[in-house]
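Beneath this line is the structure, given in structure tokens, with notes to follow.
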Amino acid sequence: MSIETRDAMVARAIAELPNEACGLFAATAGSDRVERFYPMRNTAESPKRYVLDGKEMLDVELKAEQEGLLVAGVMHSHTRTTNYPSPTDIADAARFDPFGAWHFVIVSLRHAEASLRSFRILDGEVTEEPVKIRA
């Protein structure tokens, strides 16, 4: 993940306070290297939950495809808790990604300095994965 992409995710999380922020991100086909973040509207407008709009998701997928990228996962923020998937996040993962291919990035704003972590979620099992920041 580039510094710019990470910073865009964190900035979006802060900008959407007091609500959770969300968006999709994309990578080059066959790569886990995140190239682009697409901020989206949280239709739940809630500090405890995020919901992506289906039409907006399709629009983002089309835009990513036009840029030669594939959607690789979803980012959302936790406004007051740590950045570990909640039971709701785990249940939602099955709807977004039933095959376990997506990455789930969570930005926590619990402390003064935001933190970002990434997970794979498959069949209710959560596995944290390293986030490598590149210049």
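Starting from 1 in every chain, residues are counted up; chains themselves are A, B, ... following the order of the structure tokens, and ligands are numbered from 1 as listed.
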
Exercise. With a distance cut-off of 8 Å and only C-alpha atoms, select the neighbouring residues of segment 91-95 of chain A, excluding the residue or stretch itself and same-chain residues fewer than 6 positions from it, and output the selection as a ChimeraX atom specification.
Key: /A:121-124

Exercise. Please provide as a PyMOL selection string all residues within 12 Å of Val34 of chain A, with the sequence filter that same-chain residues fewer than 2 positions apart are discarded (counting only C-alpha atoms).
Key: chain A and resi 1-6+9+24-32+36-38+64+69-75+102-105+118+131-134

Mind dumping the selected residues with N, CA, C and O atoms as a CSV table (one decimal), in the first residue's frame?
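Wrote it out as again22.csv, contents follow:
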```
chain,number,residue,atom,x,y,z
A,1,MET,N,0.8,-1.2,0.0
A,1,MET,CA,0.0,0.0,0.0
A,1,MET,C,0.9,1.2,0.0
A,1,MET,O,1.9,1.3,0.7
A,2,SER,N,0.5,2.2,-0.8
A,2,SER,CA,1.3,3.4,-0.9
A,2,SER,C,1.0,4.3,0.3
A,2,SER,O,-0.1,4.2,1.0
A,3,ILE,N,1.9,5.2,0.7
A,3,ILE,CA,1.7,6.2,1.7
A,3,ILE,C,0.5,7.0,1.4
A,3,ILE,O,-0.4,7.3,2.3
A,4,GLU,N,0.3,7.4,0.1
A,4,GLU,CA,-0.8,8.2,-0.3
A,4,GLU,C,-2.1,7.5,0.0
A,4,GLU,O,-3.1,8.1,0.4
A,5,THR,N,-2.2,6.2,-0.3
A,5,THR,CA,-3.4,5.4,-0.2
A,5,THR,C,-3.7,5.3,1.3
A,5,THR,O,-4.9,5.5,1.7
A,6,ARG,N,-2.7,5.0,2.1
A,6,ARG,CA,-2.9,4.9,3.6
A,6,ARG,C,-3.4,6.2,4.1
A,6,ARG,O,-4.4,6.3,4.9
A,9,MET,N,-7.1,6.9,3.3
A,9,MET,CA,-8.0,6.1,4.1
A,9,MET,C,-8.1,6.7,5.5
A,9,MET,O,-9.2,6.9,6.0
A,24,LEU,N,-13.9,1.4,-1.0
A,24,LEU,CA,-13.3,0.2,-1.6
A,24,LEU,C,-11.9,0.6,-2.0
A,24,LEU,O,-11.6,1.8,-2.2
A,25,PHE,N,-11.1,-0.4,-2.2
A,25,PHE,CA,-9.7,-0.1,-2.7
A,25,PHE,C,-9.4,-1.2,-3.8
A,25,PHE,O,-10.0,-2.3,-3.8
A,26,ALA,N,-8.5,-0.8,-4.6
A,26,ALA,CA,-8.2,-1.7,-5.8
A,26,ALA,C,-6.7,-2.0,-6.0
A,26,ALA,O,-5.9,-1.2,-5.5
A,27,ALA,N,-6.4,-3.1,-6.6
A,27,ALA,CA,-5.1,-3.5,-6.9
A,27,ALA,C,-5.0,-3.9,-8.4
A,27,ALA,O,-6.0,-4.2,-9.0
A,28,THR,N,-3.7,-4.1,-8.8
A,28,THR,CA,-3.5,-4.6,-10.2
A,28,THR,C,-3.9,-6.1,-10.1
A,28,THR,O,-3.6,-6.8,-9.1
A,29,ALA,N,-4.5,-6.7,-11.1
A,29,ALA,CA,-4.8,-8.1,-11.2
A,29,ALA,C,-3.6,-8.9,-10.8
A,29,ALA,O,-2.5,-8.7,-11.3
A,30,GLY,N,-3.9,-9.9,-9.9
A,30,GLY,CA,-2.8,-10.8,-9.5
A,30,GLY,C,-1.9,-10.3,-8.5
A,30,GLY,O,-0.9,-10.9,-8.1
A,31,SER,N,-2.2,-9.1,-7.9
A,31,SER,CA,-1.3,-8.5,-6.9
A,31,SER,C,-2.1,-8.1,-5.7
A,31,SER,O,-3.3,-7.7,-5.9
A,32,ASP,N,-1.5,-8.1,-4.6
A,32,ASP,CA,-2.2,-7.6,-3.4
A,32,ASP,C,-1.8,-6.2,-3.1
A,32,ASP,O,-2.2,-5.6,-2.1
A,36,ARG,N,-5.2,2.1,-5.3
A,36,ARG,CA,-6.1,3.2,-5.3
A,36,ARG,C,-7.2,3.0,-4.3
A,36,ARG,O,-7.7,1.8,-4.1
A,37,PHE,N,-7.6,4.0,-3.6
A,37,PHE,CA,-8.7,4.0,-2.6
A,37,PHE,C,-9.8,4.8,-3.2
A,37,PHE,O,-9.6,5.9,-3.7
A,38,TYR,N,-11.0,4.3,-3.1
A,38,TYR,CA,-12.3,5.0,-3.6
A,38,TYR,C,-13.2,5.2,-2.4
A,38,TYR,O,-13.9,4.3,-1.9
A,64,ALA,N,-12.7,1.3,-11.4
A,64,ALA,CA,-11.4,0.5,-11.2
A,64,ALA,C,-11.0,-0.3,-12.4
A,64,ALA,O,-9.9,-0.2,-12.8
A,69,LEU,N,-7.6,-1.9,-12.9
A,69,LEU,CA,-7.5,-2.4,-11.5
A,69,LEU,C,-8.7,-3.3,-11.2
A,69,LEU,O,-9.7,-3.2,-11.9
A,70,LEU,N,-8.5,-4.1,-10.1
A,70,LEU,CA,-9.6,-4.9,-9.6
A,70,LEU,C,-9.9,-4.5,-8.2
A,70,LEU,O,-8.9,-4.3,-7.4
A,71,VAL,N,-11.1,-4.4,-7.8
A,71,VAL,CA,-11.4,-4.2,-6.4
A,71,VAL,C,-10.9,-5.3,-5.5
A,71,VAL,O,-11.2,-6.5,-5.8
A,72,ALA,N,-10.1,-5.0,-4.5
A,72,ALA,CA,-9.4,-6.0,-3.7
A,72,ALA,C,-9.9,-6.0,-2.3
A,72,ALA,O,-9.6,-6.9,-1.5
A,73,GLY,N,-10.8,-5.1,-1.9
A,73,GLY,CA,-11.3,-5.1,-0.5
A,73,GLY,C,-12.0,-3.8,-0.1
A,73,GLY,O,-12.2,-2.9,-1.0
A,74,VAL,N,-12.3,-3.8,1.1
A,74,VAL,CA,-13.1,-2.7,1.7
A,74,VAL,C,-12.4,-2.2,2.9
A,74,VAL,O,-11.8,-2.9,3.7
A,75,MET,N,-12.5,-0.8,3.1
A,75,MET,CA,-12.0,-0.2,4.3
A,75,MET,C,-13.1,0.4,5.0
A,75,MET,O,-14.1,0.9,4.4
A,102,TRP,N,-11.0,-11.0,-0.6
A,102,TRP,CA,-10.9,-9.6,-0.2
A,102,TRP,C,-10.0,-9.4,1.0
A,102,TRP,O,-9.9,-10.2,1.9
A,103,HIS,N,-9.5,-8.2,1.1
A,103,HIS,CA,-8.8,-7.7,2.3
A,103,HIS,C,-9.8,-6.7,3.0
A,103,HIS,O,-10.5,-5.9,2.3
A,104,PHE,N,-9.8,-6.8,4.3
A,104,PHE,CA,-10.6,-5.9,5.1
A,104,PHE,C,-9.8,-5.0,5.9
A,104,PHE,O,-9.1,-5.5,6.9
A,105,VAL,N,-9.7,-3.7,5.6
A,105,VAL,CA,-8.9,-2.8,6.3
A,105,VAL,C,-9.7,-2.0,7.2
A,105,VAL,O,-10.8,-1.5,6.9
A,118,SER,N,-5.1,-4.7,8.6
A,118,SER,CA,-5.8,-5.4,7.5
A,118,SER,C,-6.0,-6.9,7.9
A,118,SER,O,-5.2,-7.5,8.6
A,131,VAL,N,0.6,-5.1,6.8
A,131,VAL,CA,0.4,-4.0,5.9
A,131,VAL,C,1.8,-3.4,5.6
A,131,VAL,O,2.4,-3.0,6.6
A,132,LYS,N,2.2,-3.5,4.4
A,132,LYS,CA,3.5,-2.9,4.0
A,132,LYS,C,3.2,-1.6,3.3
A,132,LYS,O,2.5,-1.5,2.3
A,133,ILE,N,3.8,-0.5,3.9
A,133,ILE,CA,3.7,0.8,3.3
A,133,ILE,C,4.9,1.1,2.4
A,133,ILE,O,6.0,0.9,2.9
A,134,ARG,N,4.6,1.5,1.2
A,134,ARG,CA,5.7,1.8,0.3
A,134,ARG,C,5.6,3.3,-0.1
A,134,ARG,O,4.6,3.9,0.0
```

Quiz item: Looking only at the backbone, which of the residues in chain A does DSSP tag as strand (DSSP E or B), as a ChimeraX atom specification?
Solution: /A:2,22-28,34-40,69-78,103-108,115-122,125-129,134

Quiz item: Contacts of Glu45 of chain A at 8 Å or less, counting only C-alpha atoms, minus same-chain residues fewer than 3 places along, as a ChimeraX atom specification?
Solution: /A:19-20,42,49-50

Do you know which residues are at most 9 Å from Ile106 of chain A counting only C-alpha atoms, after dropping those on the same chain fewer than 5 positions away, and could you put them as a compact mmCIF listing (two decimals) with C-alpha atoms, in the first residue's frame?
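Output saved as result.txt:
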```txt
# COMPACT_ATOMS: atom_id res chain seq x y z
CA VAL A 74 -13.11 -2.70 1.70
CA MET A 75 -11.95 -0.16 4.26
CA HIS A 76 -14.01 1.15 7.12
CA SER A 77 -13.29 2.94 10.35
CA HIS A 78 -13.97 2.28 13.99
CA THR A 82 -9.76 -0.88 18.27
CA ASN A 83 -9.31 -1.88 14.65
CA TYR A 84 -10.25 -5.53 14.93
CA PRO A 85 -13.30 -6.93 13.12
CA SER A 115 -3.97 3.16 13.21
CA LEU A 116 -4.63 0.89 10.25
CA ARG A 117 -4.77 -2.91 10.17
CA SER A 118 -5.77 -5.43 7.50
CA PHE A 119 -7.51 -8.78 7.77
```

Practice problem: Looking only at helix (DSSP H, G or I) from DSSP on the backbone, list the matching residues of segment 54-120 of chain A as a PyMOL selection string. | Solution: chain A and resi 54-66+87-96

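Computed from the coordinates, the atom CA of Leu62 of chain A to atom CA of Gly23 of chain A distance equals 14.4 Å.
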